[in-house]
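Engineer: My structure is stored as query-v4.cif, with mmCIF, C-alpha atoms.
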data_run
loop_
_atom_site.label_atom_id
_atom_site.label_comp_id
_atom_site.auth_asym_id
_atom_site.auth_seq_id
_atom_site.Cartn_x
_atom_site.Cartn_y
_atom_site.Cartn_z
CA MET A 224 15.55 6.43 20.52
CA LYS A 225 14.35 10.00 21.10
CA MET A 226 12.25 12.26 18.88
CA GLN A 227 10.78 15.72 19.38
CA PHE A 228 8.13 17.68 17.48
CA ASP A 229 6.75 21.20 17.76
CA ILE A 230 2.96 21.50 17.54
CA ALA A 231 1.43 24.84 16.55
CA GLY A 232 -1.81 25.84 18.26
CA GLY A 233 -4.66 26.56 15.85
CA ASP A 234 -2.94 25.00 12.80
CA PHE A 235 -5.38 22.26 11.85
CA SER A 236 -3.76 21.76 8.44
CA ALA A 237 -0.67 20.29 10.13
CA ALA A 238 -2.51 18.29 12.81
CA GLY A 239 -1.46 14.65 12.77
CA GLY A 240 2.02 15.29 11.34
CA ALA A 241 3.91 14.31 14.49
CA SER A 242 1.72 11.24 15.09
CA SER A 243 2.31 10.16 11.52
CA GLU A 244 6.12 10.44 11.89
CA VAL A 245 6.05 8.36 15.08
CA LYS A 246 3.87 5.76 13.36
CA LYS A 247 6.36 5.46 10.47
CA THR A 248 9.23 4.97 12.92
CA LEU A 249 7.35 2.27 14.85
CA LYS A 250 6.58 0.46 11.59
CA GLN A 251 10.29 0.43 10.74
CA LEU A 252 10.96 -1.04 14.19
CA ASN A 253 8.50 -3.87 13.42
CA ILE A 254 6.20 -3.09 16.33
CA PRO A 255 2.95 -5.15 15.99
CA PRO A 256 0.27 -3.30 13.95
CA ALA A 257 -2.33 -3.43 16.76
CA THR A 258 0.13 -1.74 19.14
CA ILE A 259 1.05 0.88 16.53
CA ARG A 260 -2.63 1.62 16.11
CA ARG A 261 -3.13 2.24 19.86
CA ILE A 262 -0.16 4.60 19.89
CA ALA A 263 -1.28 6.40 16.72
CA VAL A 264 -4.79 6.97 18.11
CA ALA A 265 -3.48 8.30 21.43
CA LEU A 266 -0.89 10.59 19.83
CA TYR A 267 -3.31 11.97 17.24
CA GLU A 268 -5.85 12.85 19.93
CA ALA A 269 -3.14 14.49 22.03
CA GLU A 270 -1.89 16.44 19.02
CA VAL A 271 -5.39 17.62 18.12
CA ASN A 272 -5.93 18.75 21.72
CA VAL A 273 -2.92 21.05 21.45
CA VAL A 274 -4.04 22.36 18.05
CA ALA A 275 -7.63 22.93 19.23
CA HIS A 276 -6.99 24.38 22.69
CA ALA A 277 -3.40 25.57 23.20
CA TYR A 278 -1.05 28.20 21.75
CA SER A 279 1.88 25.86 21.19
CA GLY A 280 3.16 22.50 22.31
CA VAL A 281 6.05 20.07 22.18
CA MET A 282 5.76 16.30 21.75
CA SER A 283 8.74 14.40 23.18
CA VAL A 284 9.02 10.70 22.37
CA GLU A 285 11.27 8.03 23.85
CA ILE A 286 11.20 4.54 22.37
CA SER A 287 12.83 1.72 24.34
CA PRO A 288 12.91 -1.99 23.42
CA THR A 289 9.88 -2.60 25.66
CA ASN A 290 7.72 0.52 25.44
CA ILE A 291 7.11 4.02 24.15
CA TRP A 292 6.86 7.04 26.44
CA VAL A 293 5.45 10.29 25.13
CA GLN A 294 5.07 13.68 26.77
CA ILE A 295 2.93 16.38 25.19
CA ALA A 296 3.48 19.68 26.97
CA ASP A 297 1.61 22.78 25.88
CA LYS A 298 1.42 26.47 26.66
CA GLY A 299 -2.25 27.33 26.81
CA PRO A 300 -5.30 28.01 28.94
CA GLY A 301 -4.93 24.75 30.88
CA ILE A 302 -7.71 22.54 32.18
CA PRO A 303 -9.54 23.83 35.30
CA ASN A 304 -11.21 20.48 36.07
CA ILE A 305 -9.40 17.38 34.85
CA ASP A 306 -12.06 14.92 36.06
CA LYS A 307 -14.65 16.79 34.00
CA ALA A 308 -12.35 16.87 30.95
CA MET A 309 -11.93 13.09 31.18
CA GLU A 310 -15.71 12.54 30.99
CA GLU A 311 -16.84 11.11 27.67
CA GLY A 312 -18.83 13.75 25.78
CA PHE A 313 -17.51 16.79 27.68
CA SER A 314 -15.78 19.35 25.46
CA THR A 315 -14.96 23.05 25.51
CA ALA A 316 -14.13 23.16 21.78
CA SER A 317 -15.35 26.12 19.71
CA ASP A 318 -18.18 25.83 17.17
CA HIS A 319 -15.65 26.05 14.34
CA VAL A 320 -13.69 23.10 15.74
CA ARG A 321 -16.90 21.09 16.26
CA GLN A 322 -18.00 21.69 12.68
CA MET A 323 -14.82 19.98 11.55
CA GLY A 324 -15.88 16.90 13.47
CA PHE A 325 -13.60 17.49 16.45
CA GLY A 326 -14.73 18.43 19.95
CA ALA A 327 -16.94 15.40 20.52
CA GLY A 328 -15.49 14.96 23.99
CA MET A 329 -13.91 11.65 23.02
CA GLY A 330 -10.25 12.66 22.76
CA LEU A 331 -9.04 12.14 26.32
CA PRO A 332 -11.16 8.97 26.79
CA ASN A 333 -9.61 7.62 23.54
CA ILE A 334 -6.14 8.35 24.94
CA LYS A 335 -6.98 6.58 28.20
CA LYS A 336 -8.37 3.51 26.38
CA ASN A 337 -5.38 3.15 24.09
CA THR A 338 -2.51 3.56 26.57
CA ASP A 339 -1.09 1.53 29.45
CA SER A 340 -0.51 4.60 31.59
CA MET A 341 -1.71 8.17 31.29
CA GLU A 342 -0.97 11.16 33.50
CA LEU A 343 -2.56 14.55 32.90
CA LYS A 344 -1.41 17.64 34.78
CA SER A 345 -2.54 21.18 34.18
CA VAL A 346 -2.02 24.66 35.55
CA PRO A 347 -4.90 26.93 34.48
CA GLY A 348 -3.53 29.96 32.67
CA GLU A 349 -0.19 28.27 31.96
CA GLY A 350 -0.65 24.97 30.20
CA THR A 351 -1.16 21.23 30.24
CA THR A 352 1.22 18.27 30.28
CA LEU A 353 0.18 14.79 29.25
CA GLU A 354 2.41 11.76 29.72
CA ILE A 355 1.54 8.39 28.27
CA THR A 356 3.19 4.98 28.03
CA VAL A 357 2.31 2.08 25.76
CA ASN A 358 4.00 -1.29 26.27
CA PHE A 359 5.03 -3.28 23.21
CA ASN A 360 4.21 -6.79 24.45
CA MET B 195 -18.36 -10.25 5.57
CA GLU B 196 -16.84 -10.84 2.16
CA LYS B 197 -13.57 -9.09 1.30
CA LYS B 198 -13.79 -6.98 -1.84
CA LYS B 199 -11.20 -4.99 -3.70
CA LEU B 200 -11.73 -1.25 -3.93
CA SER B 201 -11.58 -1.51 -7.73
CA GLU B 202 -14.54 -3.94 -7.78
CA LEU B 203 -16.46 -1.95 -5.19
CA ILE B 204 -16.11 1.32 -7.11
CA GLU B 205 -17.36 -0.26 -10.30
CA ASP B 206 -20.26 -2.15 -8.71
CA LEU B 207 -21.48 0.76 -6.55
CA GLN B 208 -20.63 3.52 -9.06
CA PHE B 209 -18.39 5.54 -6.78
CA ASP B 210 -15.87 7.98 -8.25
CA CYS B 211 -12.21 7.83 -7.25
CA LEU B 212 -10.91 11.31 -6.37
CA ALA B 213 -7.48 10.40 -4.95
CA GLY B 214 -5.21 7.37 -4.60
CA LYS B 215 -6.08 5.93 -8.02
CA SER B 216 -3.02 3.65 -7.99
CA LEU B 217 -4.10 1.98 -4.73
CA LEU B 218 -7.37 0.39 -5.78
CA ASP B 219 -6.18 -3.16 -5.15
CA LYS B 220 -6.63 -2.50 -1.41
CA GLU B 221 -9.19 -4.79 0.20
CA VAL B 222 -12.32 -3.73 2.06
CA VAL B 223 -13.79 -5.75 4.94
CA SER B 224 -16.50 -3.44 6.24
CA ALA B 225 -17.47 0.21 6.65
CA TYR B 226 -17.84 2.80 9.40
CA VAL B 227 -20.17 5.80 9.20
CA SER B 228 -19.43 8.92 11.25
CA ASP B 229 -18.64 12.61 10.95
CA LEU B 230 -16.91 12.71 14.34
CA LEU B 231 -13.19 12.23 13.87
CA SER B 232 -12.50 10.88 17.37
CA ASP B 233 -15.31 8.38 16.97
CA VAL B 234 -13.67 7.07 13.80
CA MET B 235 -10.20 7.08 15.42
CA GLY B 236 -11.50 5.10 18.37
CA LYS B 237 -13.76 2.58 16.67
CA ALA B 238 -13.12 2.12 12.93
CA GLN B 239 -10.90 -0.86 12.14
CA PRO B 240 -8.16 -1.38 9.54
CA GLN B 241 -9.41 -2.16 5.99
CA MET B 242 -12.75 -0.46 6.58
CA VAL B 243 -14.03 2.29 4.31
CA TRP B 244 -15.13 5.44 6.13
CA VAL B 245 -18.39 7.04 5.01
CA THR B 246 -18.46 10.75 5.87
CA SER B 247 -19.56 14.20 4.81
CA GLN B 248 -16.39 15.80 6.20
CA ILE B 249 -14.22 17.13 3.36
CA HIS B 250 -11.32 18.93 5.06
CA LYS B 251 -7.66 17.88 5.20
CA ASN B 252 -7.78 16.26 8.63
CA ILE B 253 -9.77 13.28 7.39
CA VAL B 254 -6.64 12.18 5.47
CA ALA B 255 -4.56 11.96 8.66
CA VAL B 256 -7.29 9.95 10.40
CA ALA B 257 -7.62 7.46 7.51
CA SER B 258 -3.86 7.08 7.23
CA LEU B 259 -3.17 6.67 10.97
CA ILE B 260 -5.66 3.83 11.43
CA ASP B 261 -5.09 2.19 8.02
CA LEU B 262 -8.57 2.58 6.55
CA SER B 263 -8.90 1.32 2.98
CA ALA B 264 -10.68 4.45 1.75
CA ILE B 265 -12.71 7.51 2.65
CA VAL B 266 -16.13 7.71 0.95
CA ILE B 267 -17.41 11.28 0.71
CA VAL B 268 -21.17 11.32 0.37
CA ASP B 269 -23.84 13.44 -1.25
CA GLU B 270 -21.59 15.12 -3.83
CA ARG B 271 -19.93 17.23 -1.15
CA PRO B 272 -17.27 19.43 -2.80
CA ALA B 273 -13.98 17.77 -1.85
CA ASP B 274 -11.25 20.25 -0.96
CA GLU B 275 -8.44 20.26 -3.60
CA GLU B 276 -5.73 20.51 -0.95
CA MET B 277 -7.24 17.54 0.85
CA LEU B 278 -7.12 15.45 -2.33
CA LYS B 279 -3.52 16.47 -3.00
CA LEU B 280 -2.55 15.45 0.54
CA ALA B 281 -4.41 12.15 0.14
CA ASP B 282 -2.37 11.37 -2.99
CA GLU B 283 0.85 12.17 -1.12
CA GLU B 284 -0.13 10.06 1.91
CA ASP B 285 -1.42 7.08 -0.12
CA VAL B 286 -5.00 7.51 1.07
CA VAL B 287 -7.85 6.59 -1.29
CA VAL B 288 -10.72 9.08 -1.48
CA LEU B 289 -13.95 8.01 -3.17
CA ALA B 290 -17.14 9.95 -3.81
CA SER B 291 -20.70 8.67 -3.70
CA LYS B 292 -23.53 10.63 -5.28
CA LYS B 293 -25.96 9.26 -2.69
CA SER B 294 -26.61 10.41 0.89
CA ALA B 295 -24.79 8.87 3.85
CA PHE B 296 -27.83 6.68 4.62
CA GLU B 297 -28.10 5.33 1.09
CA THR B 298 -24.35 4.93 0.71
CA ALA B 299 -24.19 2.96 3.97
CA GLY B 300 -27.09 0.81 2.79
CA LEU B 301 -25.38 0.07 -0.52
CA LEU B 302 -22.13 -0.86 1.23
CA TYR B 303 -23.94 -2.99 3.80
CA ASN B 304 -25.71 -5.07 1.19
CA TYR B 305 -22.66 -5.28 -1.04
CA LEU B 306 -20.20 -6.37 1.64
CA LYS B 307 -22.42 -8.95 3.34
CA MET B 308 -23.28 -10.51 -0.04
CA LYS B 309 -21.34 -13.52 -1.35
#
Please express the file's structure as structure tokens.

Structural biologist:
Amino acid sequence: MKMQFDIAGGDFSAAGGASSEVKKTLKQLNIPPATIRRIAVALYEAEVNVVAHAYSGVMSVEISPTNIWVQIADKGPGIPNIDKAMEEGFSTASDHVRQMGFGAGMGLPNIKKNTDSMELKSVPGEGTTLEITVNFN
Amino acid sequence: MEKKKLSELIEDLQFDCLAGKSLLDKEVVSAYVSDLLSDVMGKAQPQMVWVTSQIHKNIVAVASLIDLSAIVIVDERPADEEMLKLADEEDVVVLASKKSAFETAGLLYNYLKMK
């Protein structure tokens, strides 16, 4: 099963919409709640990253009988130093974003913790692509 | 910790219900206190109530995605109307406590560990 969602940069009011749709689908497929939770956490963080940092993004989802694969590709400033971005507590979020309770530098670590594989690629000045997989068993 | 229904908890601790009034038979096992959304996403568990002073729309998505029983807004913070409308649509319960986060957490701690 394939799904695709557009994510608008800067639009916090819609943040979480795509993650929520994927969660509903996984529930209908009777995926165990603990697995759905891991996927929901990872996708929400990825979605918020696009909203907080990029201009626009696309979330592509493929659900197989054994796992879920998700790619979140954005057009945006990119990440100059991925190792630094992966550090817990490191964030480049604006003051406005931090006041909303985002930008704690926990997003990418949360994605890493809740997925079975995670690949992050970025071209500064062009954008960032994140690919994650979560196994169902 | 003892499981309590939201309806009992609201009455005993004198919280107001601002959204999700038809969902007060949800059970509560514990609570998590944080204003950092990623912290809550990463650590709060299903059936917890989330004590926060955040009042914008994004708290609804967080509570819904990780199946929290309710959000408890502290200190009479003015809850955003749009947020409450979204919470009703997404079946998320939003409560309000007149006390500070510290006192609200203390009340919940004593209440939920009690028999």

Engineer: With all atoms listed in the file as the counted atoms, please give the residues lying no more than 8 Å from Ser228 of chain B, apart from itself and same-chain residues fewer than 3 positions off, as a list in words.

Structural biologist: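 Residues meeting the cut-off are Leu231, Asp233, Val234, Trp244, Val245 and Thr246 of chain B.
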
Engineer: Taking into account all atoms listed in the file, which residue in the set B:Gly214, B:Lys220, B:Leu230, B:Asp269 is nearest to Lys293 of chain B?

Structural biologist: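 The closest residue to Lys293 of chain B is B:Asp269.
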
Engineer: Set the cut-off to 12 Å and count only C-alpha atoms: what are the residues of chain B that reach chain A? Output as number ranges by chain.

Structural biologist: B: 228-240, 246-262, 276-277, 280, 284

Engineer: Taking (-18.7, -3.3, 0.5) in the file's coordinates, which residues come within 12 Å, counting only C-alpha atoms, written as number ranges by chain?

Structural biologist: B: 195-209, 221-226, 241-245, 263-264, 266, 298-309

Engineer: Next, dump the selected residues to file, keeping only C-alpha atoms, as a PDB file, keeping the file's coordinate frame.

Structural biologist:
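Below is the file selection-v5.pdb, written as the result:
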ATOM      1  CA  MET B 195     -18.360 -10.250   5.570  1.00  0.00           C
ATOM      2  CA  GLU B 196     -16.840 -10.840   2.160  1.00  0.00           C
ATOM      3  CA  LYS B 197     -13.570  -9.090   1.300  1.00  0.00           C
ATOM      4  CA  LYS B 198     -13.790  -6.980  -1.840  1.00  0.00           C
ATOM      5  CA  LYS B 199     -11.200  -4.990  -3.700  1.00  0.00           C
ATOM      6  CA  LEU B 200     -11.730  -1.250  -3.930  1.00  0.00           C
ATOM      7  CA  SER B 201     -11.580  -1.510  -7.730  1.00  0.00           C
ATOM      8  CA  GLU B 202     -14.540  -3.940  -7.780  1.00  0.00           C
ATOM      9  CA  LEU B 203     -16.460  -1.950  -5.190  1.00  0.00           C
ATOM     10  CA  ILE B 204     -16.110   1.320  -7.110  1.00  0.00           C
ATOM     11  CA  GLU B 205     -17.360  -0.260 -10.300  1.00  0.00           C
ATOM     12  CA  ASP B 206     -20.260  -2.150  -8.710  1.00  0.00           C
ATOM     13  CA  LEU B 207     -21.480   0.760  -6.550  1.00  0.00           C
ATOM     14  CA  GLN B 208     -20.630   3.520  -9.060  1.00  0.00           C
ATOM     15  CA  PHE B 209     -18.390   5.540  -6.780  1.00  0.00           C
ATOM     16  CA  GLU B 221      -9.190  -4.790   0.200  1.00  0.00           C
ATOM     17  CA  VAL B 222     -12.320  -3.730   2.060  1.00  0.00           C
ATOM     18  CA  VAL B 223     -13.790  -5.750   4.940  1.00  0.00           C
ATOM     19  CA  SER B 224     -16.500  -3.440   6.240  1.00  0.00           C
ATOM     20  CA  ALA B 225     -17.470   0.210   6.650  1.00  0.00           C
ATOM     21  CA  TYR B 226     -17.840   2.800   9.400  1.00  0.00           C
ATOM     22  CA  GLN B 241      -9.410  -2.160   5.990  1.00  0.00           C
ATOM     23  CA  MET B 242     -12.750  -0.460   6.580  1.00  0.00           C
ATOM     24  CA  VAL B 243     -14.030   2.290   4.310  1.00  0.00           C
ATOM     25  CA  TRP B 244     -15.130   5.440   6.130  1.00  0.00           C
ATOM     26  CA  VAL B 245     -18.390   7.040   5.010  1.00  0.00           C
ATOM     27  CA  SER B 263      -8.900   1.320   2.980  1.00  0.00           C
ATOM     28  CA  ALA B 264     -10.680   4.450   1.750  1.00  0.00           C
ATOM     29  CA  VAL B 266     -16.130   7.710   0.950  1.00  0.00           C
ATOM     30  CA  THR B 298     -24.350   4.930   0.710  1.00  0.00           C
ATOM     31  CA  ALA B 299     -24.190   2.960   3.970  1.00  0.00           C
ATOM     32  CA  GLY B 300     -27.090   0.810   2.790  1.00  0.00           C
ATOM     33  CA  LEU B 301     -25.380   0.070  -0.520  1.00  0.00           C
ATOM     34  CA  LEU B 302     -22.130  -0.860   1.230  1.00  0.00           C
ATOM     35  CA  TYR B 303     -23.940  -2.990   3.800  1.00  0.00           C
ATOM     36  CA  ASN B 304     -25.710  -5.070   1.190  1.00  0.00           C
ATOM     37  CA  TYR B 305     -22.660  -5.280  -1.040  1.00  0.00           C
ATOM     38  CA  LEU B 306     -20.200  -6.370   1.640  1.00  0.00           C
ATOM     39  CA  LYS B 307     -22.420  -8.950   3.340  1.00  0.00           C
ATOM     40  CA  MET B 308     -23.280 -10.510  -0.040  1.00  0.00           C
ATOM     41  CA  LYS B 309     -21.340 -13.520  -1.350  1.00  0.00           C
TER      42      LYS B 309
END

Engineer: Within 10 Å of (-5.3, 20.4, 21.0) in the file's own coordinates, which protein, DNA or RNA residues have an atom, counting only C-alpha atoms? List them as an NGL selection string.

Structural biologist: :A and (230-235 or 238 or 267-280 or 297 or 299 or 316 or 325-326 or 330)

Engineer: Find, counting all atoms listed in the file, the residue in A:Glu310, A:Glu354, A:Glu342, A:Asp318 that gets nearest to Glu285 of chain A.

Structural biologist: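 Selected residue with least distance to Glu285 of chain A: A:Glu354.
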
Engineer: Show me, as a ChimeraX atom specification, the residues that have an atom within 9 Å of Thr352 of chain A when counting only C-alpha atoms, minus same-chain residues fewer than 4 positions from it.

Structural biologist: /A:294-298,301,342-346

Engineer: Hey, can you spit out that residue selection with C-alpha atoms as a PDB file, keeping the file's coordinate frame?

Structural biologist:
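Now in selection_13.pdb:
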ATOM      1  CA  GLN A 294       5.070  13.680  26.770  1.00  0.00           C
ATOM      2  CA  ILE A 295       2.930  16.380  25.190  1.00  0.00           C
ATOM      3  CA  ALA A 296       3.480  19.680  26.970  1.00  0.00           C
ATOM      4  CA  ASP A 297       1.610  22.780  25.880  1.00  0.00           C
ATOM      5  CA  LYS A 298       1.420  26.470  26.660  1.00  0.00           C
ATOM      6  CA  GLY A 301      -4.930  24.750  30.880  1.00  0.00           C
ATOM      7  CA  GLU A 342      -0.970  11.160  33.500  1.00  0.00           C
ATOM      8  CA  LEU A 343      -2.560  14.550  32.900  1.00  0.00           C
ATOM      9  CA  LYS A 344      -1.410  17.640  34.780  1.00  0.00           C
ATOM     10  CA  SER A 345      -2.540  21.180  34.180  1.00  0.00           C
ATOM     11  CA  VAL A 346      -2.020  24.660  35.550  1.00  0.00           C
TER      12      VAL A 346
END

Engineer: Hey, can you check how far atom CA of Asn253 of chain A sits from atom CA of Asn358 of chain A?

Structural biologist: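 Distance between the two atoms: 13.9 Å.
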
Engineer: Report, in Å with one decimal, the straight-line distance from atom CA of Leu252 of chain A to atom CA of Ser283 of chain A.

Structural biologist: 18.0 Å

Engineer: Since I can't run it myself right now, could you work out what the PyMOL selection byres ((chain A and resi 360) around 9) selects here and report it as a tab-separated table (two decimals) with C-alpha atoms, in the coordinates of the input?

Structural biologist:
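Full text of selection.tsv as output:
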chain	number	residue	atom	x	y	z
A	255	PRO	CA	2.95	-5.15	15.99
A	258	THR	CA	0.13	-1.74	19.14
A	289	THR	CA	9.88	-2.60	25.66
A	290	ASN	CA	7.72	0.52	25.44
A	358	ASN	CA	4.00	-1.29	26.27
A	359	PHE	CA	5.03	-3.28	23.21

Engineer: Mind giving me the straight-line distance from atom CA of Cys211 of chain B to atom CA of Phe296 of chain B in Å, one decimal?

Structural biologist: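 Taking atom CA of Cys211 of chain B and atom CA of Phe296 of chain B, their separation equals 19.7 Å.
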
Engineer: Using all atoms listed in the file, which of the listed residues (B:Ala273, B:Val227, B:Leu289, B:Ala295) sits closest to Asp210 of chain B?

Structural biologist: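 Closest to Asp210 of chain B of all the choices is B:Leu289.
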
Engineer: Go through B:Ser291, B:Asp282, B:Leu212, B:Leu217 one by one, measure the shortest atom-to-atom distance of each to Glu270 of chain B using all atoms listed in the file, and give the residue with the smallest value.

Structural biologist: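 Between B:Ser291, B:Asp282, B:Leu212, B:Leu217, the residue approaching Glu270 of chain B most closely is B:Ser291.
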
Engineer: Quick one: everything within 10 Å of Met226 of chain A, counting only C-alpha atoms, minus sequence neighbours fewer than 3 positions away in the same chain. Send it as a list in words.

Structural biologist: Ala241, Glu244, Val245, Thr248, Met282, Ser283, Val284, Glu285, Ile286 and Val293 of chain A

Engineer: Restricting the calculation to all atoms listed in the file: of A:Ala308, A:Val320, A:Gln251, A:Pro300, which residue gets closest to Glu349 of chain A?

Structural biologist: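 Checking each of A:Ala308, A:Val320, A:Gln251, A:Pro300 against Glu349 of chain A, counting all atoms listed in the file, the winner is A:Pro300.
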